[in-house]
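Below is protein-v7.txt, holding compact mmCIF, C-alpha atoms and all ligand atoms.
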# COMPACT_ATOMS: atom_id res chain seq x y z
CA MET A 12 -45.20 109.99 75.46
CA ARG A 13 -43.87 109.53 71.96
CA ILE A 14 -40.71 111.45 70.93
CA ASP A 15 -39.23 111.58 67.41
CA VAL A 16 -35.84 113.17 66.74
CA VAL A 17 -34.42 113.92 63.28
CA SER A 18 -30.64 114.32 63.00
CA ILE A 19 -27.71 113.65 60.65
CA PHE A 20 -25.94 112.13 63.70
CA PRO A 21 -28.47 109.66 65.14
CA ASP A 22 -25.70 107.98 67.19
CA TYR A 23 -25.28 111.24 69.10
CA LEU A 24 -28.65 110.54 70.71
CA ALA A 25 -27.72 106.98 71.76
CA PRO A 26 -27.12 107.91 75.43
CA LEU A 27 -30.86 108.63 75.73
CA ARG A 28 -31.27 104.82 75.78
CA LEU A 29 -29.27 104.62 79.05
CA SER A 30 -30.15 105.08 82.69
CA LEU A 31 -33.47 106.57 83.79
CA LEU A 32 -34.80 107.26 80.28
CA GLY A 33 -33.67 103.83 79.07
CA ARG A 34 -35.74 102.27 81.85
CA ALA A 35 -38.70 104.54 80.94
CA GLN A 36 -38.55 103.19 77.38
CA GLU A 37 -38.36 99.58 78.59
CA ASP A 38 -41.36 100.28 80.82
CA GLY A 39 -43.36 101.71 77.90
CA LEU A 40 -43.63 105.18 79.48
CA LEU A 41 -41.64 106.74 76.64
CA THR A 42 -41.20 105.77 72.97
CA LEU A 43 -38.14 107.43 71.47
CA THR A 44 -37.39 107.12 67.74
CA VAL A 45 -34.33 108.73 66.16
CA HIS A 46 -34.48 109.30 62.39
CA ASP A 47 -31.42 109.76 60.16
CA LEU A 48 -32.02 112.80 57.94
CA ARG A 49 -29.76 111.30 55.24
CA GLU A 50 -32.28 108.48 54.77
CA PHE A 51 -34.54 111.15 53.23
CA THR A 52 -32.07 112.20 50.51
CA SER A 53 -32.07 110.67 47.02
CA ASP A 54 -28.74 111.74 45.50
CA ARG A 55 -25.64 109.57 45.45
CA HIS A 56 -23.85 111.70 48.06
CA ARG A 57 -26.86 111.90 50.42
CA THR A 58 -26.50 115.70 50.43
CA VAL A 59 -28.19 117.62 53.27
CA ASP A 60 -26.50 121.04 52.88
CA ASP A 61 -25.86 123.75 50.32
CA THR A 62 -24.35 127.24 50.09
CA PRO A 63 -26.29 130.16 51.61
CA TYR A 64 -28.25 132.57 49.40
CA GLY A 65 -26.90 136.07 49.99
CA GLY A 66 -23.43 134.70 50.66
CA GLY A 67 -21.58 134.32 53.94
CA ALA A 68 -19.66 131.65 55.75
CA GLY A 69 -20.69 128.03 56.14
CA MET A 70 -23.47 125.89 54.73
CA VAL A 71 -27.24 125.74 55.22
CA MET A 72 -29.41 122.62 55.51
CA LYS A 73 -31.47 122.00 52.34
CA PRO A 74 -35.27 121.96 52.71
CA GLU A 75 -36.22 118.83 50.73
CA PRO A 76 -34.86 116.09 53.05
CA TRP A 77 -36.37 117.93 56.05
CA ALA A 78 -39.86 117.98 54.49
CA LEU A 79 -39.71 114.23 53.82
CA ALA A 80 -38.35 113.42 57.29
CA LEU A 81 -40.83 115.63 59.14
CA GLY A 82 -43.66 114.30 56.94
CA ARG A 83 -42.70 110.80 58.08
CA VAL A 84 -42.65 111.92 61.72
CA LEU A 85 -46.04 113.62 61.36
CA ALA A 86 -47.50 110.48 59.79
CA ALA A 87 -46.13 108.34 62.62
CA GLN A 88 -47.40 110.72 65.31
CA THR A 89 -50.85 111.53 63.93
CA GLY A 90 -51.69 108.73 61.50
CA VAL A 91 -52.16 111.13 58.55
CA SER A 92 -50.67 109.70 55.38
CA ASP A 93 -47.17 110.74 54.36
CA ALA A 94 -48.42 111.71 50.87
CA SER A 95 -51.06 114.17 52.08
CA VAL A 96 -48.33 115.98 54.04
CA ASP A 97 -46.15 116.00 50.94
CA ASP A 98 -48.69 117.61 48.58
CA GLY A 99 -49.95 120.18 51.07
CA ALA A 100 -53.41 118.58 51.33
CA ALA A 101 -53.20 118.07 55.09
CA GLY A 102 -54.66 121.07 56.88
CA ALA A 103 -55.26 121.58 60.59
CA PRO A 104 -55.96 118.34 62.46
CA ALA A 105 -59.64 117.28 62.38
CA GLY A 106 -61.80 117.15 65.50
CA GLY A 107 -59.97 120.06 67.13
CA ALA A 108 -56.93 117.89 67.91
CA ARG A 109 -53.85 119.91 68.82
CA ARG A 110 -51.01 120.08 66.32
CA PRO A 111 -48.02 118.08 67.47
CA VAL A 112 -45.21 120.20 68.95
CA LEU A 113 -42.03 120.48 66.88
CA ILE A 114 -39.04 121.83 68.79
CA VAL A 115 -36.25 123.31 66.69
CA PRO A 116 -33.10 123.90 68.75
CA SER A 117 -31.52 127.19 67.70
CA PRO A 118 -29.18 129.76 69.23
CA ALA A 119 -31.91 132.22 68.13
CA GLY A 120 -34.70 130.42 70.03
CA GLN A 121 -36.59 131.16 73.24
CA VAL A 122 -34.48 129.97 76.21
CA PHE A 123 -35.50 126.54 77.56
CA THR A 124 -36.71 126.58 81.18
CA GLN A 125 -38.08 124.16 83.76
CA ALA A 126 -41.52 125.75 83.19
CA MET A 127 -41.23 124.82 79.50
CA ALA A 128 -40.18 121.29 80.45
CA HIS A 129 -43.35 120.97 82.56
CA GLU A 130 -45.54 122.21 79.67
CA LEU A 131 -43.90 119.88 77.16
CA ALA A 132 -44.32 116.91 79.53
CA GLU A 133 -48.12 117.32 79.08
CA GLU A 134 -47.93 116.74 75.31
CA PRO A 135 -48.78 113.31 73.86
CA THR A 136 -45.99 113.64 71.25
CA LEU A 137 -42.88 115.77 70.72
CA ALA A 138 -40.73 116.09 67.60
CA PHE A 139 -37.21 117.57 67.53
CA ALA A 140 -35.37 118.79 64.41
CA CYS A 141 -31.58 118.88 64.96
CA GLY A 142 -29.86 121.30 62.65
CA ARG A 143 -26.11 121.47 61.91
CA TYR A 144 -23.85 123.86 59.97
CA GLU A 145 -25.37 127.39 59.99
CA GLY A 146 -28.85 125.99 60.55
CA ILE A 147 -31.92 124.87 58.55
CA ASP A 148 -33.41 126.79 55.57
CA GLU A 149 -36.01 129.02 57.27
CA ARG A 150 -38.75 127.88 54.88
CA VAL A 151 -38.71 124.46 56.56
CA LEU A 152 -39.95 126.13 59.76
CA ASP A 153 -42.57 128.13 57.78
CA TRP A 154 -43.83 124.98 56.05
CA ALA A 155 -43.70 122.89 59.23
CA GLY A 156 -45.92 125.52 60.89
CA GLU A 157 -48.77 124.33 58.64
CA HIS A 158 -48.66 120.93 60.37
CA PHE A 159 -46.85 121.36 63.71
CA ASP A 160 -46.81 123.85 66.56
CA VAL A 161 -43.22 124.95 65.82
CA ARG A 162 -41.09 126.16 68.77
CA PRO A 163 -37.56 127.47 68.16
CA VAL A 164 -35.81 126.86 71.50
CA SER A 165 -32.29 127.63 72.75
CA LEU A 166 -30.49 125.74 75.49
CA GLY A 167 -28.79 128.96 76.61
CA ASP A 168 -26.68 131.89 75.51
CA TYR A 169 -23.62 130.09 74.18
CA VAL A 170 -22.85 128.50 70.80
CA LEU A 171 -23.09 124.77 70.06
CA ASN A 172 -22.25 123.04 66.77
CA GLY A 173 -25.75 121.65 66.27
CA GLY A 174 -29.06 120.80 67.92
CA GLU A 175 -28.21 117.32 69.21
CA VAL A 176 -26.75 118.27 72.61
CA ALA A 177 -29.67 120.64 73.19
CA VAL A 178 -32.13 117.82 72.38
CA MET A 179 -30.38 115.50 74.82
CA ALA A 180 -30.82 118.08 77.57
CA MET A 181 -34.44 118.85 76.70
CA VAL A 182 -35.49 115.20 76.33
CA GLU A 183 -33.89 114.40 79.69
CA ALA A 184 -35.55 117.39 81.39
CA VAL A 185 -38.98 116.48 79.96
CA GLY A 186 -38.62 112.70 80.25
CA ARG A 187 -37.91 112.76 83.98
CA LEU A 188 -41.19 114.66 84.55
CA LEU A 189 -43.30 111.90 82.98
CA PRO A 190 -45.38 110.00 85.56
CA GLY A 191 -43.48 106.93 86.79
CA VAL A 192 -40.07 107.86 85.32
CA VAL A 193 -38.55 109.23 88.55
CA GLY A 194 -39.14 106.88 91.49
CA ASN A 195 -40.03 109.43 94.15
CA PRO A 196 -42.25 112.27 92.83
CA HIS A 197 -41.37 114.23 96.01
CA SER A 198 -37.80 114.60 94.75
CA LEU A 199 -39.22 116.43 91.70
CA VAL A 200 -40.90 119.20 93.70
CA GLU A 201 -37.99 119.83 96.07
CA GLU A 202 -35.45 120.66 93.39
CA SER A 203 -34.02 123.81 91.95
CA HIS A 204 -36.33 126.11 90.08
CA SER A 205 -39.61 124.68 91.38
CA ASP A 206 -39.64 127.38 94.10
CA GLY A 207 -37.49 129.85 92.13
CA LEU A 208 -34.49 129.37 94.45
CA LEU A 209 -31.31 127.37 93.96
CA GLU A 210 -30.99 124.09 95.87
CA TYR A 211 -29.54 123.84 99.37
CA PRO A 212 -26.23 121.92 99.77
CA VAL A 213 -26.44 118.20 100.49
CA TYR A 214 -24.16 115.89 102.54
CA THR A 215 -23.77 112.19 103.26
CA LYS A 216 -21.54 110.02 105.48
CA PRO A 217 -18.92 110.30 106.89
CA ALA A 218 -19.82 113.24 109.17
CA SER A 219 -16.17 114.32 109.18
CA TRP A 220 -14.12 114.02 105.99
CA ARG A 221 -10.61 115.36 105.30
CA GLY A 222 -11.13 118.05 107.90
CA HIS A 223 -14.50 119.16 106.48
CA GLU A 224 -17.53 118.73 108.75
CA VAL A 225 -21.19 118.18 107.95
CA PRO A 226 -23.05 121.20 109.42
CA GLU A 227 -24.07 120.33 113.00
CA VAL A 228 -27.74 121.22 112.44
CA LEU A 229 -28.14 118.32 109.95
CA LEU A 230 -27.06 115.84 112.67
CA SER A 231 -29.43 117.36 115.26
CA GLY A 232 -32.60 115.51 114.27
CA ASN A 233 -34.49 118.80 114.73
CA HIS A 234 -36.55 118.92 111.51
CA GLY A 235 -37.79 122.46 112.10
CA ARG A 236 -34.25 123.80 112.49
CA ILE A 237 -33.08 121.76 109.48
CA ALA A 238 -35.82 123.16 107.22
CA GLN A 239 -35.00 126.68 108.44
CA TRP A 240 -31.27 126.20 107.79
CA ARG A 241 -31.87 124.76 104.32
CA LEU A 242 -34.07 127.70 103.28
CA GLU A 243 -31.42 130.11 104.57
CA GLN A 244 -28.78 128.28 102.50
CA GLN A 245 -31.02 128.52 99.42
CA LEU A 246 -31.41 132.26 99.92
CA ARG A 247 -27.66 132.80 100.48
CA ARG A 248 -26.70 130.75 97.41
CA THR A 249 -29.27 132.38 95.20
CA ALA A 250 -28.19 135.88 96.30
CA ALA A 251 -24.53 135.01 95.65
CA ARG A 252 -24.89 133.11 92.34
CA ARG A 253 -28.19 134.14 90.73
CA PRO A 254 -29.35 137.38 92.41
CA GLU A 255 -31.70 138.11 89.46
CA LEU A 256 -33.82 135.13 90.61
CA LEU A 257 -34.56 136.85 93.93
CA GLU A 258 -35.83 140.13 92.47
CA GLY A 259 -39.61 140.01 92.39
CA ALA A 260 -39.72 136.57 94.04
CA ASP A 261 -42.77 135.71 96.18
CA ALA A 262 -41.76 136.40 99.81
CA SER A 263 -45.16 135.79 101.43
CA ALA A 264 -43.96 132.57 103.08
CA TYR A 265 -40.86 134.16 104.65
CA GLY A 266 -40.80 134.71 108.40
CA LYS A 267 -38.65 136.89 110.67
CA ALA A 268 -35.51 134.75 110.31
CA GLU A 269 -35.64 134.70 106.47
CA ARG A 270 -36.26 138.44 106.34
CA ALA A 271 -33.22 139.05 108.55
CA VAL A 272 -31.05 136.90 106.24
CA LEU A 273 -32.42 138.65 103.16
CA ARG A 274 -31.79 142.05 104.71
CA GLU A 275 -28.16 141.01 105.29
CA LEU A 276 -28.01 139.95 101.60
CA GLY A 277 -29.30 143.34 100.46
CA PHE A 278 -32.96 142.43 99.85
CA GLU A 279 -36.20 143.52 101.51
CA VAL A 280 -39.86 142.54 101.32
CA ALA A 281 -42.38 144.97 99.82
CA ASP A 282 -46.00 143.97 99.04
CA GLY A 283 -45.09 140.29 99.59
CA ARG A 284 -42.31 140.43 96.97
CA LEU A 285 -38.53 140.68 97.21
CA ARG A 286 -36.68 143.74 95.96
CA ARG A 287 -33.19 145.15 96.36
CA ALA A 288 -32.94 147.20 99.56
C1 LIG B 301 -28.74 124.77 67.95
C2 LIG B 301 -26.79 125.15 66.04
C3 LIG B 301 -24.77 127.31 64.76
C4 LIG B 301 -24.91 130.04 64.58
C5 LIG B 301 -23.86 129.44 65.23
C6 LIG B 301 -23.80 128.05 65.35
C7 LIG B 301 -27.86 124.13 64.34
N1 LIG B 301 -27.97 127.15 72.94
C8 LIG B 301 -27.56 126.85 71.68
N2 LIG B 301 -26.42 127.28 71.14
N3 LIG B 301 -26.31 126.84 69.91
C9 LIG B 301 -27.38 126.07 69.60
C10 LIG B 301 -28.20 126.06 70.74
C11 LIG B 301 -29.47 125.41 70.99
N4 LIG B 301 -30.47 124.91 71.18
C12 LIG B 301 -27.57 125.46 68.28
C13 LIG B 301 -28.95 124.27 66.66
C14 LIG B 301 -27.96 124.47 65.71
C15 LIG B 301 -26.57 125.64 67.32
N5 LIG B 301 -26.01 125.22 64.93
C16 LIG B 301 -24.70 125.82 64.85
C17 LIG B 301 -25.80 127.94 64.12
N6 LIG B 301 -25.88 129.28 64.03
C18 LIG B 301 -26.64 124.59 63.88
If you took the structure in this file and wrote it as structure tokens, what would it be?
Amino acid sequence: MRIDVVSIFPDYLAPLRLSLLGRAQEDGLLTLTVHDLREFTSDRHRTVDDTPYGGGAGMVMKPEPWALALGRVLAAQTGVSDASVDDGAAGAPAGGARRPVLIVPSPAGQVFTQAMAHELAEEPTLAFACGRYEGIDERVLDWAGEHFDVRPVSLGDYVLNGGEVAVMAMVEAVGRLLPGVVGNPHSLVEESHSDGLLEYPVYTKPASWRGHEVPEVLLSGNHGRIAQWRLEQQLRRTAARRPELLEGADASAYGKAERAVLRELGFEVADGRLRRA
């Protein structure tokens, strides 16, 4: 996969060169290019912001540097010439090719999920536009929609100072789903959110530590009992921390023991789905 990120703080994205994703880049599984938006300005002060039309607090990112930067990204990702993007001559991609996805982090976007990460991991290229200040002039998104499949996406319902931290999270979530990036593909399916439940607690040696014991069942070697206990822990945690995840969940795989636990937690099974009792 090829990923291009545009930001006024390219160094912010430097940690994406470390660890698992750093290895993925060395192995040629991922090509990550970070572009400095200020390189696409032409005034002496390398200006990327201006005052908002209609008034109000803060500054807004100017459209011109964004068009040049995203034109460069589009050229790099699709091979169309930079100039044809610039003058509006480039229409939909020829031969029915999909438009490249452009993700625009925004507190007003659709909330990023694991399902979205899986969808994005299927794309040949991804572009990310990191805004700052009060955000990017909306016309940039309108114009970009002529060339990209534009997706305004939020990391969650809290306020960040810009898109960079959101991009770090999204690139990590997508990158680790690429074939060969995570050593053991089994560890991908067992985690949180693949079955709609939170993860079960995990333990390692020593079996007794500062008066806290590893649950006896995990030392038993009885894999049936262990699987049963882990599912029960998942249900208890999910009910306590994220009860909204249980409502409507598929309960067709739950047996007598799970149903008893769920009943205790205030849920029951109806038509193969969970609902509040
Ligand atoms: C993303 C951004 C800003 C109002 C207040 C602050 C560009 N979950 C998220 N919270 N905030 C952002 C986000 C995501 N994804 C986010 C991009 C920008 C915040 N700001 C600051 C803009 N409008 C500027």
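Using all atoms listed in the file, the smallest distance between any of A:Arg248, A:Arg49, A:Arg274, A:His234 and Met72 of chain A comes from A:Arg49.
Every protein, DNA or RNA residue with an atom at most 8 Å from Val112 of chain A, where all atoms listed in the file count and chain neighbours fewer than 6 positions away do not, is listed here: A:Glu134, A:Thr136, A:Leu137, A:Ala138, A:Phe159, A:Asp160, A:Val161, A:Arg162.
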Ligand LIG 301 (chain B): which residues are within 12 Å, counting only C-alpha atoms and all ligand atoms? Reply as a PDB file with C-alpha atoms, in the coordinates of the input.
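Produced file selection.pdb, reproduced below:
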ATOM      1  CA  SER A  18     -30.640 114.320  63.000  1.00  0.00           C
ATOM      2  CA  ILE A  19     -27.710 113.650  60.650  1.00  0.00           C
ATOM      3  CA  ASP A  60     -26.500 121.040  52.880  1.00  0.00           C
ATOM      4  CA  GLY A  67     -21.580 134.320  53.940  1.00  0.00           C
ATOM      5  CA  ALA A  68     -19.660 131.650  55.750  1.00  0.00           C
ATOM      6  CA  GLY A  69     -20.690 128.030  56.140  1.00  0.00           C
ATOM      7  CA  MET A  70     -23.470 125.890  54.730  1.00  0.00           C
ATOM      8  CA  VAL A  71     -27.240 125.740  55.220  1.00  0.00           C
ATOM      9  CA  MET A  72     -29.410 122.620  55.510  1.00  0.00           C
ATOM     10  CA  ILE A 114     -39.040 121.830  68.790  1.00  0.00           C
ATOM     11  CA  VAL A 115     -36.250 123.310  66.690  1.00  0.00           C
ATOM     12  CA  PRO A 116     -33.100 123.900  68.750  1.00  0.00           C
ATOM     13  CA  SER A 117     -31.520 127.190  67.700  1.00  0.00           C
ATOM     14  CA  PRO A 118     -29.180 129.760  69.230  1.00  0.00           C
ATOM     15  CA  ALA A 119     -31.910 132.220  68.130  1.00  0.00           C
ATOM     16  CA  GLY A 120     -34.700 130.420  70.030  1.00  0.00           C
ATOM     17  CA  GLN A 121     -36.590 131.160  73.240  1.00  0.00           C
ATOM     18  CA  VAL A 122     -34.480 129.970  76.210  1.00  0.00           C
ATOM     19  CA  PHE A 123     -35.500 126.540  77.560  1.00  0.00           C
ATOM     20  CA  THR A 124     -36.710 126.580  81.180  1.00  0.00           C
ATOM     21  CA  PHE A 139     -37.210 117.570  67.530  1.00  0.00           C
ATOM     22  CA  ALA A 140     -35.370 118.790  64.410  1.00  0.00           C
ATOM     23  CA  CYS A 141     -31.580 118.880  64.960  1.00  0.00           C
ATOM     24  CA  GLY A 142     -29.860 121.300  62.650  1.00  0.00           C
ATOM     25  CA  ARG A 143     -26.110 121.470  61.910  1.00  0.00           C
ATOM     26  CA  TYR A 144     -23.850 123.860  59.970  1.00  0.00           C
ATOM     27  CA  GLU A 145     -25.370 127.390  59.990  1.00  0.00           C
ATOM     28  CA  GLY A 146     -28.850 125.990  60.550  1.00  0.00           C
ATOM     29  CA  ILE A 147     -31.920 124.870  58.550  1.00  0.00           C
ATOM     30  CA  ASP A 148     -33.410 126.790  55.570  1.00  0.00           C
ATOM     31  CA  GLU A 149     -36.010 129.020  57.270  1.00  0.00           C
ATOM     32  CA  ARG A 162     -41.090 126.160  68.770  1.00  0.00           C
ATOM     33  CA  PRO A 163     -37.560 127.470  68.160  1.00  0.00           C
ATOM     34  CA  VAL A 164     -35.810 126.860  71.500  1.00  0.00           C
ATOM     35  CA  SER A 165     -32.290 127.630  72.750  1.00  0.00           C
ATOM     36  CA  LEU A 166     -30.490 125.740  75.490  1.00  0.00           C
ATOM     37  CA  GLY A 167     -28.790 128.960  76.610  1.00  0.00           C
ATOM     38  CA  ASP A 168     -26.680 131.890  75.510  1.00  0.00           C
ATOM     39  CA  TYR A 169     -23.620 130.090  74.180  1.00  0.00           C
ATOM     40  CA  VAL A 170     -22.850 128.500  70.800  1.00  0.00           C
ATOM     41  CA  LEU A 171     -23.090 124.770  70.060  1.00  0.00           C
ATOM     42  CA  ASN A 172     -22.250 123.040  66.770  1.00  0.00           C
ATOM     43  CA  GLY A 173     -25.750 121.650  66.270  1.00  0.00           C
ATOM     44  CA  GLY A 174     -29.060 120.800  67.920  1.00  0.00           C
ATOM     45  CA  GLU A 175     -28.210 117.320  69.210  1.00  0.00           C
ATOM     46  CA  VAL A 176     -26.750 118.270  72.610  1.00  0.00           C
ATOM     47  CA  ALA A 177     -29.670 120.640  73.190  1.00  0.00           C
ATOM     48  CA  VAL A 178     -32.130 117.820  72.380  1.00  0.00           C
ATOM     49  CA  MET A 179     -30.380 115.500  74.820  1.00  0.00           C
ATOM     50  CA  ALA A 180     -30.820 118.080  77.570  1.00  0.00           C
ATOM     51  CA  MET A 181     -34.440 118.850  76.700  1.00  0.00           C
TER      52      MET A 181
END
- List the neighbours of Thr215 of chain A out to 10 Å using only C-alpha atoms; skip same-chain residues closer than 3 positions along the sequence, and give me the result as a PyMOL selection string. chain A and resi 218-219+225
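Interatomic distance, atom CA of Arg284 of chain A to atom CA of Ala268 of chain A: 16.0 Å.
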- May I have the protein, DNA and RNA residues with an atom at most 12 Å from (-27.4, 137.4, 97.0), counting all atoms listed in the file in the file's coordinates, returned as JSON, numbers by chain? {"A": [208, 209, 243, 244, 245, 246, 247, 248, 249, 250, 251, 252, 253, 254, 255, 256, 257, 258, 272, 273, 274, 275, 276, 277, 278, 279, 285, 286, 287, 288]}
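Relative to atom CA of Leu152 of chain A, atom CA of Lys73 of chain A is found at 12.0 Å.
Note that the spacing between atom CA of Ala155 of chain A and atom CA of Val91 of chain A amounts to 14.5 Å.
For His46 of chain A, the residues within 8 Å (counting only C-alpha atoms, excluding itself and residues fewer than 6 positions away along the chain) are Asp15, Val16, Val17, Ser18, Pro21 and Ala80 of chain A.
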Could you list, with a cut-off of 9 Å and counting only C-alpha atoms, the residues of segment 167-255 of chain A near segment 26-37 of chain A, each shown with its nearest atom pair and the distance in Å rounded to one decimal, rows sorted by chain and ascending number, as a Markdown table?
| residue | atom | partner | partner_atom | distance |
| --- | --- | --- | --- | --- |
| A:Met179 | CA | A:Leu27 | CA | 6.9 |
| A:Val182 | CA | A:Leu27 | CA | 8.1 |
| A:Glu183 | CA | A:Leu32 | CA | 7.2 |
| A:Gly186 | CA | A:Leu32 | CA | 6.6 |
| A:Arg187 | CA | A:Leu32 | CA | 7.3 |
| A:Leu189 | CA | A:Ala35 | CA | 8.9 |
| A:Gly191 | CA | A:Ala35 | CA | 7.9 |
| A:Val192 | CA | A:Ala35 | CA | 5.7 |
| A:Val193 | CA | A:Leu31 | CA | 7.5 |
